[in-house]
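Novice: Got a file for you: entry.txt, compact mmCIF, C-alpha atoms.
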```txt
# COMPACT_ATOMS: atom_id res chain seq x y z
CA MET A 13 4.03 45.08 -126.53
CA SER A 14 2.15 45.33 -123.23
CA GLU A 15 -0.03 42.48 -122.06
CA ASP A 16 -3.21 44.50 -122.28
CA MET A 17 -2.63 45.54 -125.89
CA GLY A 18 -5.54 43.45 -127.05
CA SER A 19 -7.84 45.29 -124.64
CA GLY A 20 -6.26 48.66 -125.36
CA PHE A 21 -8.25 49.00 -128.57
CA GLY A 22 -11.98 49.57 -128.51
CA ASP A 23 -12.43 51.02 -125.02
CA SER A 24 -12.40 54.75 -125.63
CA SER A 25 -13.42 55.65 -129.15
CA ALA A 26 -16.76 57.01 -127.99
CA SER A 27 -15.09 59.57 -125.75
CA VAL A 28 -12.79 61.21 -128.28
CA GLY A 29 -13.58 62.49 -131.78
CA ASN A 30 -12.32 64.62 -134.63
CA PHE A 31 -8.76 63.44 -134.18
CA GLY A 32 -7.56 64.50 -137.60
CA ARG A 33 -8.12 68.19 -136.81
CA ARG A 34 -6.00 70.46 -134.75
CA GLN A 35 -7.59 72.12 -131.74
CA SER A 36 -6.74 75.55 -133.11
CA ASP A 37 -8.77 74.90 -136.27
CA PHE A 38 -11.71 73.76 -134.22
CA SER A 39 -11.52 76.79 -131.93
CA ARG A 40 -11.32 79.13 -134.92
CA LEU A 41 -14.36 77.51 -136.51
CA ARG A 42 -16.28 77.70 -133.26
CA ARG A 43 -15.49 81.41 -132.81
CA THR A 44 -16.54 82.17 -136.39
CA ARG A 45 -19.81 80.30 -135.93
CA SER A 46 -20.48 82.02 -132.61
CA THR A 47 -19.89 85.48 -134.14
CA ALA A 48 -22.23 84.72 -137.04
CA GLN A 49 -24.93 83.55 -134.64
CA LYS A 50 -24.66 86.74 -132.58
CA TRP A 51 -25.03 88.96 -135.62
CA LEU A 52 -27.98 86.86 -136.71
CA VAL A 53 -29.67 87.45 -133.35
CA VAL A 54 -29.14 91.21 -133.68
CA LEU A 55 -30.57 91.22 -137.20
CA LEU A 56 -33.60 89.21 -136.10
CA LEU A 57 -34.34 91.63 -133.26
CA LEU A 58 -34.01 94.59 -135.60
CA GLY A 59 -36.21 92.84 -138.12
CA ALA A 60 -38.88 92.22 -135.49
CA PHE A 61 -38.85 95.90 -134.46
CA VAL A 62 -39.06 97.10 -138.06
CA GLY A 63 -41.76 94.55 -138.90
CA VAL A 64 -44.05 95.72 -136.10
CA ALA A 65 -43.44 99.35 -137.05
CA VAL A 66 -44.41 98.56 -140.67
CA VAL A 67 -47.63 96.93 -139.46
CA PHE A 68 -48.43 100.02 -137.38
CA TRP A 69 -47.78 102.18 -140.47
CA ALA A 70 -50.08 100.00 -142.56
CA MET A 71 -52.79 100.45 -139.92
CA GLY A 72 -52.35 104.24 -140.07
CA TYR A 73 -50.82 104.74 -136.61
CA VAL A 74 -47.24 105.48 -137.68
CA GLN A 75 -46.21 108.13 -140.19
CA ALA A 76 -44.12 107.36 -143.29
CA SER A 77 -41.44 109.83 -142.16
CA THR A 78 -41.01 107.81 -138.98
CA LEU A 79 -40.39 104.66 -141.03
CA GLN A 80 -37.78 106.53 -143.05
CA ALA A 81 -36.00 107.63 -139.89
CA LEU A 82 -36.19 104.06 -138.54
CA SER A 83 -34.72 102.70 -141.80
CA GLY A 84 -31.81 105.09 -141.54
CA LEU A 85 -31.10 104.03 -137.98
CA VAL A 86 -31.35 100.31 -138.80
CA VAL A 87 -28.77 100.75 -141.56
CA ALA A 88 -26.41 103.30 -140.02
CA VAL A 89 -26.01 102.01 -136.45
CA PRO A 90 -25.17 98.36 -137.31
CA LEU A 91 -22.74 99.56 -139.99
CA VAL A 92 -20.89 101.70 -137.45
CA PHE A 93 -20.46 98.79 -135.06
CA LEU A 94 -19.56 96.43 -137.90
CA LEU A 95 -16.80 98.84 -138.91
CA LEU A 96 -15.52 98.94 -135.35
CA PHE A 97 -15.31 95.15 -135.25
CA ARG A 98 -13.78 94.88 -138.72
CA LYS A 99 -11.05 97.39 -137.86
CA GLN A 100 -10.64 95.67 -134.47
CA TRP A 101 -11.03 99.00 -132.70
CA ASN A 102 -13.24 97.20 -130.22
CA LEU A 103 -10.09 95.55 -128.83
CA LYS A 104 -9.05 98.89 -127.36
CA PHE A 105 -12.01 98.76 -124.95
CA ARG A 106 -12.19 96.70 -121.78
CA GLU A 107 -15.46 95.11 -122.88
CA LYS A 108 -14.49 94.01 -126.37
CA ARG A 109 -17.99 93.00 -127.45
CA LEU A 110 -19.26 96.58 -126.92
CA LYS A 111 -22.54 95.41 -125.41
CA LEU A 112 -22.99 98.58 -123.36
CA PRO A 113 -22.56 100.99 -126.33
CA ILE A 114 -24.92 98.84 -128.41
CA VAL A 115 -27.59 98.91 -125.69
CA VAL A 116 -27.20 102.66 -125.17
CA CYS A 117 -27.58 103.32 -128.91
CA ALA A 118 -30.65 101.09 -129.12
CA LEU A 119 -32.38 102.76 -126.15
CA ALA A 120 -31.54 106.29 -127.35
CA SER A 121 -32.79 105.47 -130.86
CA MET A 122 -36.12 104.17 -129.52
CA LEU A 123 -36.62 107.29 -127.38
CA TRP A 124 -35.88 109.48 -130.41
CA LEU A 125 -38.44 107.55 -132.47
CA VAL A 126 -41.03 108.03 -129.72
CA TYR A 127 -40.31 111.75 -129.80
CA LEU A 128 -40.82 111.80 -133.57
CA ASP A 129 -44.02 109.77 -133.45
CA PRO A 130 -45.90 109.16 -130.15
CA ALA A 131 -47.39 105.94 -131.57
CA MET A 132 -43.92 104.36 -131.34
CA GLN A 133 -44.25 104.31 -127.55
CA MET A 134 -46.19 101.07 -128.00
CA LEU A 135 -42.87 99.53 -129.10
CA LEU A 136 -40.74 101.31 -126.51
CA VAL A 137 -41.87 99.36 -123.45
CA PRO A 138 -41.49 95.74 -124.69
CA PHE A 139 -38.32 96.38 -126.68
CA THR A 140 -36.70 98.17 -123.75
CA PHE A 141 -36.86 94.87 -121.86
CA VAL A 142 -35.51 93.02 -124.90
CA THR A 143 -32.61 95.46 -125.25
CA LEU A 144 -31.62 95.25 -121.58
CA ALA A 145 -31.85 91.46 -121.70
CA TYR A 146 -29.52 91.45 -124.73
CA GLY A 147 -26.78 93.19 -122.76
CA MET A 148 -27.26 91.47 -119.42
CA TYR A 149 -24.39 88.99 -119.91
CA ARG A 150 -21.85 91.81 -120.14
CA ILE A 151 -23.47 94.59 -118.10
CA SER A 152 -23.33 94.68 -114.33
CA ARG A 153 -26.45 95.13 -112.24
CA ASN A 154 -25.46 98.64 -111.17
CA VAL A 155 -24.94 99.74 -114.76
CA ALA A 156 -28.27 98.14 -115.71
CA PHE A 157 -30.00 100.17 -112.98
CA LEU A 158 -28.41 103.35 -114.37
CA LEU A 159 -29.64 102.43 -117.85
CA ALA A 160 -33.14 101.80 -116.54
CA LEU A 161 -33.11 105.16 -114.74
CA SER A 162 -31.88 106.84 -117.93
CA VAL A 163 -34.74 105.32 -119.93
CA VAL A 164 -37.32 106.49 -117.38
CA VAL A 165 -35.85 110.00 -117.25
CA GLY A 166 -35.56 110.13 -121.03
CA TYR A 167 -39.17 109.01 -121.44
CA ALA A 168 -40.28 111.70 -118.98
CA LEU A 169 -38.43 114.34 -121.03
CA VAL A 170 -40.11 113.11 -124.23
CA MET A 171 -43.50 113.37 -122.50
CA ALA A 172 -42.71 116.94 -121.38
CA MET A 173 -41.68 117.94 -124.90
CA HIS A 174 -44.87 116.40 -126.36
CA ALA A 175 -46.98 118.27 -123.81
CA PHE A 176 -45.20 121.54 -124.56
CA GLU A 177 -45.29 121.16 -128.35
CA GLN A 178 -48.65 119.46 -128.91
CA GLY A 179 -50.69 120.23 -125.81
CA ASN A 180 -52.85 117.13 -126.26
CA PRO A 181 -54.37 116.01 -122.91
CA ALA A 182 -55.44 112.60 -124.29
CA LEU A 183 -51.92 111.90 -125.55
CA LEU A 184 -50.46 113.02 -122.23
CA LYS A 185 -52.71 110.60 -120.31
CA LEU A 186 -51.79 107.71 -122.61
CA GLU A 187 -48.08 108.44 -122.35
CA PHE A 188 -48.36 108.79 -118.57
CA MET A 189 -49.90 105.30 -118.32
CA HIS A 190 -47.06 103.85 -120.43
CA PHE A 191 -44.59 105.76 -118.30
CA LEU A 192 -45.98 104.40 -115.02
CA ALA A 193 -45.94 100.83 -116.32
CA LEU A 194 -42.36 101.15 -117.52
CA ALA A 195 -41.12 102.91 -114.38
CA ALA A 196 -42.72 100.29 -112.13
CA ALA A 197 -41.54 97.21 -114.08
CA LEU A 198 -37.99 98.16 -115.04
CA PRO A 199 -36.39 98.07 -111.53
CA GLY A 200 -37.86 94.65 -110.83
CA PHE A 201 -36.72 93.35 -114.19
CA VAL A 202 -33.17 94.60 -113.64
CA TYR A 203 -33.03 93.17 -110.13
CA LEU A 204 -34.25 89.72 -111.17
CA THR A 205 -32.05 89.49 -114.24
CA GLY A 206 -29.06 90.91 -112.37
CA LYS A 207 -28.13 87.38 -111.33
CA VAL A 208 -27.64 86.35 -114.95
CA PRO A 209 -24.12 87.86 -115.29
CA LEU A 210 -23.02 86.09 -112.11
CA LEU A 211 -24.43 82.80 -113.37
CA HIS A 212 -22.78 83.39 -116.72
CA LEU A 213 -19.42 84.02 -115.01
CA VAL A 214 -19.71 80.85 -112.93
CA LEU A 215 -20.60 78.78 -115.99
CA ASN A 216 -17.68 80.24 -117.93
CA LYS A 217 -15.24 79.36 -115.16
CA ALA A 218 -16.65 75.85 -114.93
CA SER A 219 -16.46 75.47 -118.71
CA ARG A 220 -12.82 76.56 -118.74
CA LYS A 221 -11.99 74.09 -115.99
CA ILE A 222 -13.71 71.28 -117.88
CA ARG A 223 -11.81 72.13 -121.07
CA THR A 224 -8.55 72.18 -119.11
CA ILE A 225 -9.33 68.80 -117.55
CA GLU A 226 -10.23 67.35 -120.95
CA ALA A 227 -7.01 68.67 -122.48
CA ASP A 228 -4.94 67.29 -119.59
CA ALA A 229 -6.67 63.92 -119.93
CA GLN A 230 -5.54 63.72 -123.57
CA LEU A 231 -1.88 64.58 -122.95
CA ASP A 232 1.06 62.73 -121.49
CA PRO A 233 2.10 64.98 -118.57
CA LEU A 234 5.80 64.22 -119.01
CA LEU A 235 6.17 64.57 -122.78
CA CYS A 236 3.36 67.01 -123.73
CA CYS A 237 2.16 64.75 -126.51
CA TYR A 238 -1.01 62.67 -126.72
CA ASN A 239 -1.24 59.80 -124.27
CA ARG A 240 -2.08 56.15 -124.87
CA ARG A 241 -5.81 56.49 -124.31
CA TYR A 242 -6.13 59.36 -126.77
CA ILE A 243 -3.89 57.89 -129.45
CA VAL A 244 -5.64 54.49 -129.34
CA ALA A 245 -9.05 56.15 -129.59
CA ALA A 246 -7.72 58.28 -132.44
CA LEU A 247 -6.58 55.17 -134.30
CA GLU A 248 -9.99 53.56 -133.90
CA GLU A 249 -11.71 56.73 -135.10
CA GLN A 250 -9.46 57.07 -138.14
CA LYS A 251 -9.95 53.40 -139.03
CA GLN A 252 -13.71 53.88 -138.97
CA LEU A 253 -13.35 56.99 -141.12
CA ALA A 254 -11.19 55.10 -143.60
CA ASP A 255 -13.79 52.32 -143.80
CA GLU A 256 -16.57 54.83 -144.45
CA THR A 257 -14.79 57.07 -146.96
CA GLY A 258 -12.21 54.75 -148.51
CA GLN A 259 -9.43 57.27 -147.92
CA PRO A 260 -5.95 55.87 -147.18
CA LEU A 261 -4.61 55.56 -143.66
CA CYS A 262 -1.12 54.78 -142.41
CA ILE A 263 0.46 54.35 -139.01
CA ALA A 264 4.01 54.11 -137.73
CA ILE A 265 5.38 52.70 -134.51
CA ILE A 266 8.50 54.54 -133.31
CA ASP A 267 10.77 52.85 -130.78
CA LEU A 268 13.82 54.48 -129.20
CA ASP A 269 16.87 52.26 -129.66
CA HIS A 270 18.74 50.96 -126.61
CA PHE A 271 16.67 53.05 -124.25
CA LYS A 272 17.42 50.71 -121.34
CA ARG A 273 21.10 51.45 -121.83
CA ILE A 274 20.36 55.19 -121.84
CA ASN A 275 18.44 54.83 -118.59
CA ASP A 276 21.26 52.82 -117.02
CA GLU A 277 23.94 55.33 -118.02
CA MET A 278 22.06 58.58 -117.36
CA GLY A 279 19.56 57.54 -114.71
CA HIS A 280 15.81 57.80 -114.90
CA LEU A 281 15.83 61.61 -114.84
CA GLY A 282 18.21 61.67 -117.77
CA GLY A 283 16.07 59.10 -119.57
CA ASP A 284 13.01 61.27 -119.02
CA GLU A 285 14.83 64.24 -120.52
CA VAL A 286 15.73 62.16 -123.58
CA LEU A 287 12.06 61.21 -123.97
CA ARG A 288 10.96 64.84 -123.66
CA THR A 289 13.52 65.98 -126.21
CA PHE A 290 12.58 63.20 -128.62
CA SER A 291 8.87 64.05 -128.31
CA ARG A 292 9.60 67.69 -129.11
CA VAL A 293 11.81 66.81 -132.09
CA ALA A 294 9.29 64.31 -133.46
CA GLN A 295 6.36 66.72 -133.17
CA GLN A 296 8.36 69.38 -135.00
CA SER A 297 9.09 66.89 -137.80
CA VAL A 298 5.55 65.64 -138.49
CA ARG A 299 2.82 67.41 -140.42
CA ASP A 300 0.00 69.39 -138.85
CA GLU A 301 -2.61 66.78 -139.75
CA ASP A 302 -0.60 63.87 -138.29
CA ILE A 303 -1.40 62.56 -134.80
CA PHE A 304 1.56 61.75 -132.56
CA GLY A 305 1.33 60.15 -129.12
CA ARG A 306 3.06 57.95 -126.60
CA TYR A 307 1.84 54.37 -126.64
CA GLY A 308 3.92 53.19 -123.69
CA GLY A 309 7.45 53.43 -122.30
CA GLU A 310 9.80 54.44 -125.13
CA GLU A 311 7.29 53.46 -127.80
CA PHE A 312 5.28 56.01 -129.77
CA LEU A 313 2.47 55.80 -132.30
CA LEU A 314 2.17 58.13 -135.29
CA ILE A 315 -1.10 58.22 -137.28
CA PHE A 316 -1.29 59.59 -140.82
CA PRO A 317 -4.96 60.37 -141.64
CA GLY A 318 -5.81 60.42 -145.34
CA THR A 319 -2.21 59.58 -146.27
CA SER A 320 -0.82 56.87 -148.55
CA LEU A 321 2.30 54.87 -147.83
CA LEU A 322 4.92 56.98 -149.62
CA PRO A 323 4.21 60.33 -147.88
CA ALA A 324 4.01 58.49 -144.55
CA LEU A 325 7.37 56.86 -145.26
CA ASN A 326 8.91 60.24 -146.08
CA THR A 327 7.68 61.70 -142.81
CA CYS A 328 9.04 58.73 -140.85
CA GLU A 329 12.42 59.09 -142.53
CA ARG A 330 12.41 62.80 -141.65
CA VAL A 331 11.71 61.95 -137.99
CA ARG A 332 14.49 59.35 -137.96
CA SER A 333 16.98 61.76 -139.54
CA GLN A 334 16.09 64.61 -137.18
CA VAL A 335 16.55 62.38 -134.14
CA GLU A 336 19.87 61.06 -135.41
CA THR A 337 21.32 64.51 -136.15
CA HIS A 338 19.90 66.29 -133.10
CA PRO A 339 22.57 67.71 -130.75
CA TRP A 340 21.86 65.67 -127.65
CA GLY A 341 24.57 67.28 -125.53
CA ALA A 342 28.00 66.35 -124.25
CA ASN A 343 26.61 64.25 -121.39
CA MET A 344 25.06 61.80 -123.83
CA ARG A 345 27.60 58.99 -124.15
CA CYS A 346 25.54 56.73 -126.38
CA ARG A 347 23.90 57.63 -129.65
CA VAL A 348 20.15 58.28 -129.67
CA SER A 349 18.29 56.80 -132.62
CA VAL A 350 14.91 55.31 -133.42
CA SER A 351 13.59 52.28 -135.25
CA ILE A 352 10.36 52.88 -137.12
CA GLY A 353 7.87 50.51 -138.67
CA VAL A 354 5.23 51.91 -141.02
CA THR A 355 2.32 50.29 -142.85
CA GLN A 356 -0.93 51.15 -144.61
CA TYR A 357 -4.44 50.16 -143.60
CA VAL A 358 -6.26 47.41 -145.50
CA GLN A 359 -10.02 47.83 -145.76
CA GLY A 360 -11.91 45.58 -143.38
CA GLU A 361 -9.06 44.49 -141.13
CA SER A 362 -9.20 44.99 -137.39
CA VAL A 363 -7.28 47.67 -135.52
CA LEU A 364 -5.14 45.00 -133.90
CA GLU A 365 -4.23 43.47 -137.26
CA PHE A 366 -3.35 46.91 -138.56
CA PHE A 367 -1.27 47.69 -135.48
CA SER A 368 0.43 44.29 -135.57
CA ARG A 369 1.76 44.82 -139.07
CA ALA A 370 3.34 48.12 -138.01
CA ASP A 371 4.76 46.37 -134.97
CA THR A 372 6.21 43.66 -137.20
CA ALA A 373 7.92 46.33 -139.28
CA THR A 374 9.37 47.90 -136.13
CA TYR A 375 10.63 44.49 -135.02
CA LEU A 376 12.33 44.01 -138.39
CA ALA A 377 13.89 47.47 -138.13
CA LYS A 378 15.43 46.60 -134.78
CA GLU A 379 16.53 43.18 -135.96
CA GLY A 380 18.09 44.73 -139.06
CA GLY A 381 20.44 46.98 -137.12
CA ARG A 382 18.18 49.72 -135.72
CA ASN A 383 18.13 53.42 -136.75
CA GLN A 384 16.08 52.73 -139.85
CA VAL A 385 12.56 52.79 -141.25
CA VAL A 386 10.99 49.53 -142.42
CA VAL A 387 7.80 49.29 -144.45
CA GLU A 388 5.41 46.38 -143.98
CA GLU A 389 3.49 46.11 -147.23
CA PRO A 390 -0.28 45.81 -146.67
CA VAL A 391 -1.63 42.32 -147.43
CA ASP A 392 -5.27 41.24 -147.37
CA ARG A 393 -5.06 38.38 -144.90
CA ARG A 394 -8.58 37.19 -145.50
CA ALA A 395 -7.88 36.70 -149.21
CA ALA A 396 -4.60 34.94 -148.52
CA GLN A 397 -5.94 32.67 -145.76
CA LYS A 398 -6.62 29.07 -146.78
CA PRO A 399 -9.90 27.49 -145.74
CA ASP A 400 -8.24 24.40 -144.24
CA ALA A 401 -4.93 24.88 -142.48
CA ASP A 402 -3.91 22.32 -139.86
CA ASP A 403 -5.30 20.80 -136.69
CA GLU A 404 -3.91 23.55 -134.46
CA ALA A 405 -5.70 26.22 -136.48
CA ARG A 406 -8.95 24.26 -136.18
CA ASP A 407 -8.79 24.80 -132.40
CA GLY A 408 -9.59 28.44 -133.10
CA LEU A 409 -12.73 27.68 -135.16
CA GLY A 410 -16.13 28.78 -133.98
CA GLN A 411 -19.27 26.71 -134.01
CA ASP A 412 -19.96 27.60 -137.68
CA GLY A 413 -16.46 26.73 -138.84
CA GLU A 414 -15.33 30.38 -139.00
CA ILE A 415 -12.26 31.82 -137.37
CA ASP A 416 -13.01 33.05 -133.87
CA ASP A 417 -11.89 36.71 -133.80
CA ASP A 418 -11.16 36.69 -130.06
CA PHE A 419 -9.02 33.57 -130.42
CA SER A 420 -7.05 35.08 -133.33
CA LEU A 421 -6.43 38.37 -131.51
CA VAL A 422 -5.24 36.67 -128.33
CA GLU A 423 -2.95 34.33 -130.27
CA GLU A 424 -1.52 37.19 -132.30
CA ALA A 425 -0.99 39.44 -129.29
CA GLY A 426 0.81 36.62 -127.47
CA PHE A 427 3.04 35.99 -130.47
CA ILE A 428 3.99 39.64 -130.77
CA GLU A 429 4.69 39.94 -127.04
CA GLU A 430 6.91 36.87 -127.06
CA ARG A 431 8.81 38.03 -130.14
CA ARG A 432 9.19 41.55 -128.90
CA SER A 433 10.50 40.57 -125.47
CA GLY A 434 13.37 38.90 -127.27
CA GLY A 435 13.89 41.83 -129.68
CA HIS A 436 14.26 44.50 -127.02
```
Would you encode the structure as structure tokens?

Specialist:
Amino acid sequence: MSEDMGSGFGDSSASVGNFGRRQSDFSRLRRTRSTAQKWLVVLLLLGAFVGVAVVFWAMGYVQASTLQALSGLVVAVPLVFLLLFRKQWNLKFREKRLKLPIVVCALASMLWLVYLDPAMQMLLVPFTFVTLAYGMYRISRNVAFLLALSVVVGYALVMAMHAFEQGNPALLKLEFMHFLALAAALPGFVYLTGKVPLLHLVLNKASRKIRTIEADAQLDPLLCCYNRRYIVAALEEQKQLADETGQPLCIAIIDLDHFKRINDEMGHLGGDEVLRTFSRVAQQSVRDEDIFGRYGGEEFLLIFPGTSLLPALNTCERVRSQVETHPWGANMRCRVSVSIGVTQYVQGESVLEFFSRADTATYLAKEGGRNQVVVEEPVDRRAAQKPDADDEARDGLGQDGEIDDDFSLVEEAGFIEERRSGGH
């Protein structure tokens, strides 16, 4: 065991969480939640538009037939896009979220409603800005300018049709004032919000780089498994979870047998290849919920969240058997095997005590002939500890006559290091 084992626990648990879950599960959950939130935003915007239209109808400004047409649009258009997404036909398009078609349908629908009922023009202007803002993340500035021009031209055509069909000078003046306000404000709005897609692109690139850096910081670059910092933090997190929920927790320490001899016979490059192959074989042998990482050198730590001793033992035996029977190649002159020590967590014990029992089991596996799995039965040390031991134990007492935790951890770490240096 390395000299800084005692300080290896407790320094990184705040930086890593949710260790019992695979990244794919988390990403899937995040995508599902994001999709639900986006549909919720769309429904809220539609609800706001319909709600204002209903108020206008209650005040006598909007006709009932207009509300019926609006209801049909609110039902039909979202269903069409929902069908496209359900059938995954959106994947055939370059912009898979179909923001541009959604915006075009929304703007065309509002212009049609204004044509049906001139009072709806009071909703056209503000909700045109809302609609363009909705698509700004996926629509370029040039396309947004074309959309704005289309809205202005479309509104002008609606005004001309109203003038031709109704011949109402008062209505024409009112619509012309709305038209001027919209035509004057839309270009400025598009220009100012045109920087949003660029900012969104920069933030996305930065976010991807951060995620890549975080993933690299969790992995051993040579073996493509979790590194020491991640695996230690994972153990601390799982211990805390076991204390809070009472669920079982097991760990195993896996040590490659005679690895120094392998390095001497094959060289360091050959030894690295053995480590890479072992890491791949071990990760293929463990369960999805298990957490496997390199603790140091040829030593690996395997965490079994929510698992009792027997299933953990079965997994360890499967790892040992797969390593033993793996075809290591003709250049491998010595047999590759592993010694594994496994134990179960006892409520209330420290991470170091938990780890030390697994290390003791690994030591016994190596002393017993290697290439085997040894179980260290969990024992409540506090219940078994006598109140008065001997004079040497009293040197570790605190001011109140209680065992000093720091003293115990240092003594235990030193004992394990001394024993292990002789075992290897």

Novice: Taking (11.2, 64.9, -139.2) in the file's coordinates as the center, which residues reach within 10 Å of it, counting only C-alpha atoms, put as a short mmCIF file (atom, residue, chain, number, x, y, z; two decimals) with C-alpha atoms, in the frame of the given file?

Specialist:
```cif
data_model
loop_
_atom_site.label_atom_id
_atom_site.label_comp_id
_atom_site.auth_asym_id
_atom_site.auth_seq_id
_atom_site.Cartn_x
_atom_site.Cartn_y
_atom_site.Cartn_z
CA VAL A 293 11.81 66.81 -132.09
CA ALA A 294 9.29 64.31 -133.46
CA GLN A 295 6.36 66.72 -133.17
CA GLN A 296 8.36 69.38 -135.00
CA SER A 297 9.09 66.89 -137.80
CA VAL A 298 5.55 65.64 -138.49
CA ARG A 299 2.82 67.41 -140.42
CA ASN A 326 8.91 60.24 -146.08
CA THR A 327 7.68 61.70 -142.81
CA CYS A 328 9.04 58.73 -140.85
CA GLU A 329 12.42 59.09 -142.53
CA ARG A 330 12.41 62.80 -141.65
CA VAL A 331 11.71 61.95 -137.99
CA ARG A 332 14.49 59.35 -137.96
CA SER A 333 16.98 61.76 -139.54
CA GLN A 334 16.09 64.61 -137.18
CA VAL A 335 16.55 62.38 -134.14
#
```

Novice: Please determine, counting all atoms listed in the file, which residue among A:Arg369, A:His212, A:Arg306, A:Lys217 has the shortest atom-to-atom distance to A:Ile263.

Specialist: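 Among the listed residues, A:Arg369 lies closest to A:Ile263.
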
Novice: Identify which of the residues A:Arg288, A:His190, A:Lys111, A:Lys50 lies closest to A:Thr143, counting only C-alpha atoms when measuring atom-to-atom distances.

Specialist: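 Closest residue, counting only C-alpha atoms: A:Lys111.
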
Novice: Could you pull out every residue with an atom within 8 Å of (-7.4, 54.6, -141.1), file coordinates, counting all atoms listed in the file, and send them as a PyMOL selection string?

Specialist: chain A and resi 247-255+259-262+316-318+357

Novice: Closest to A:Arg150 among A:Val126, A:Ala342, A:Leu169, A:Leu110, using only C-alpha atoms?

Specialist: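 Counting only C-alpha atoms, the residue closest to A:Arg150 is A:Leu110.
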
Novice: Which of these residues is nearest to A:His338, using all atoms listed in the file: A:Thr289, A:Gln356, A:Ser362, A:Ser351?

Specialist: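 Closest candidate: A:Thr289.
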
Novice: Could you tell me how far atom CA of A:Asp267 sits from atom CA of A:Phe290, in Å to one decimal place?

Specialist: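 Spanning atom CA of A:Phe290 to atom CA of A:Asp267 is a straight-line distance of 10.7 Å.
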
Novice: At a cut-off of 8 Å, using all atoms listed in the file, what residues contact A:Ala160? Leave out same-chain residues fewer than 3 positions from it and give the result as a PDB file with C-alpha atoms, in the coordinates of the input.

Specialist:
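And here is the file that came out, part_30.pdb:
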```pdb
ATOM      1  CA  ALA A 156     -28.270  98.140-115.710  1.00  0.00           C
ATOM      2  CA  PHE A 157     -30.000 100.170-112.980  1.00  0.00           C
ATOM      3  CA  VAL A 163     -34.740 105.320-119.930  1.00  0.00           C
ATOM      4  CA  VAL A 164     -37.320 106.490-117.380  1.00  0.00           C
ATOM      5  CA  LEU A 198     -37.990  98.160-115.040  1.00  0.00           C
ATOM      6  CA  PRO A 199     -36.390  98.070-111.530  1.00  0.00           C
ATOM      7  CA  VAL A 202     -33.170  94.600-113.640  1.00  0.00           C
TER       8      VAL A 202
END
```

Novice: Need to verify the contact set: stretch 53-70 of chain A, 9 Å, only C-alpha atoms, exclusion of same-chain residues closer than 2 positions in sequence. Can you return it as a PyMOL selection string?

Specialist: chain A and resi 48-51+72-76+78-79+82-83+86+90+131-132+135+139+142+146

Novice: Could you please determine the separation between atom CA of A:Asn102 and atom CA of A:Trp124 in Å, to one decimal place?

Specialist: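 Those two atoms sit 25.8 Å apart.
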
Novice: Work out how far atom CA of A:Asp232 is from atom CA of A:Leu325, in Å to one decimal.

Specialist: 25.3 Å

Novice: From the list A:Phe271, A:Tyr167, A:Tyr307, A:Phe366, which residue is nearest A:Met189 when using all atoms listed in the file?

Specialist: A:Tyr167

Novice: Would you mind putting N, CA and C atoms back on stretch 141-151 of chain A and writing the result as a PDB file, in the coordinates of the input?

Specialist:
```pdb
ATOM      1  N   PHE A 141     -37.207  96.098-122.589  1.00  0.00           N
ATOM      2  CA  PHE A 141     -36.860  94.870-121.860  1.00  0.00           C
ATOM      3  C   PHE A 141     -35.984  93.952-122.723  1.00  0.00           C
ATOM      4  N   VAL A 142     -36.314  93.859-124.001  1.00  0.00           N
ATOM      5  CA  VAL A 142     -35.510  93.020-124.900  1.00  0.00           C
ATOM      6  C   VAL A 142     -34.082  93.555-125.001  1.00  0.00           C
ATOM      7  N   THR A 143     -33.941  94.864-125.118  1.00  0.00           N
ATOM      8  CA  THR A 143     -32.610  95.460-125.250  1.00  0.00           C
ATOM      9  C   THR A 143     -31.777  95.255-123.995  1.00  0.00           C
ATOM     10  N   LEU A 144     -32.364  95.476-122.834  1.00  0.00           N
ATOM     11  CA  LEU A 144     -31.620  95.250-121.580  1.00  0.00           C
ATOM     12  C   LEU A 144     -31.247  93.781-121.415  1.00  0.00           C
ATOM     13  N   ALA A 145     -32.142  92.889-121.799  1.00  0.00           N
ATOM     14  CA  ALA A 145     -31.850  91.460-121.700  1.00  0.00           C
ATOM     15  C   ALA A 145     -30.693  91.082-122.631  1.00  0.00           C
ATOM     16  N   TYR A 146     -30.607  91.729-123.786  1.00  0.00           N
ATOM     17  CA  TYR A 146     -29.520  91.450-124.730  1.00  0.00           C
ATOM     18  C   TYR A 146     -28.154  91.760-124.120  1.00  0.00           C
ATOM     19  N   GLY A 147     -28.071  92.810-123.322  1.00  0.00           N
ATOM     20  CA  GLY A 147     -26.780  93.190-122.760  1.00  0.00           C
ATOM     21  C   GLY A 147     -26.506  92.677-121.367  1.00  0.00           C
ATOM     22  N   MET A 148     -27.401  91.887-120.808  1.00  0.00           N
ATOM     23  CA  MET A 148     -27.260  91.470-119.420  1.00  0.00           C
ATOM     24  C   MET A 148     -26.018  90.632-119.151  1.00  0.00           C
ATOM     25  N   TYR A 149     -25.547  89.855-120.142  1.00  0.00           N
ATOM     26  CA  TYR A 149     -24.390  88.990-119.910  1.00  0.00           C
ATOM     27  C   TYR A 149     -23.117  89.796-119.680  1.00  0.00           C
ATOM     28  N   ARG A 150     -23.072  91.019-120.228  1.00  0.00           N
ATOM     29  CA  ARG A 150     -21.850  91.810-120.140  1.00  0.00           C
ATOM     30  C   ARG A 150     -22.012  93.092-119.336  1.00  0.00           C
ATOM     31  N   ILE A 151     -23.205  93.355-118.843  1.00  0.00           N
ATOM     32  CA  ILE A 151     -23.470  94.590-118.100  1.00  0.00           C
ATOM     33  C   ILE A 151     -23.759  94.238-116.651  1.00  0.00           C
TER      34      ILE A 151
END
```
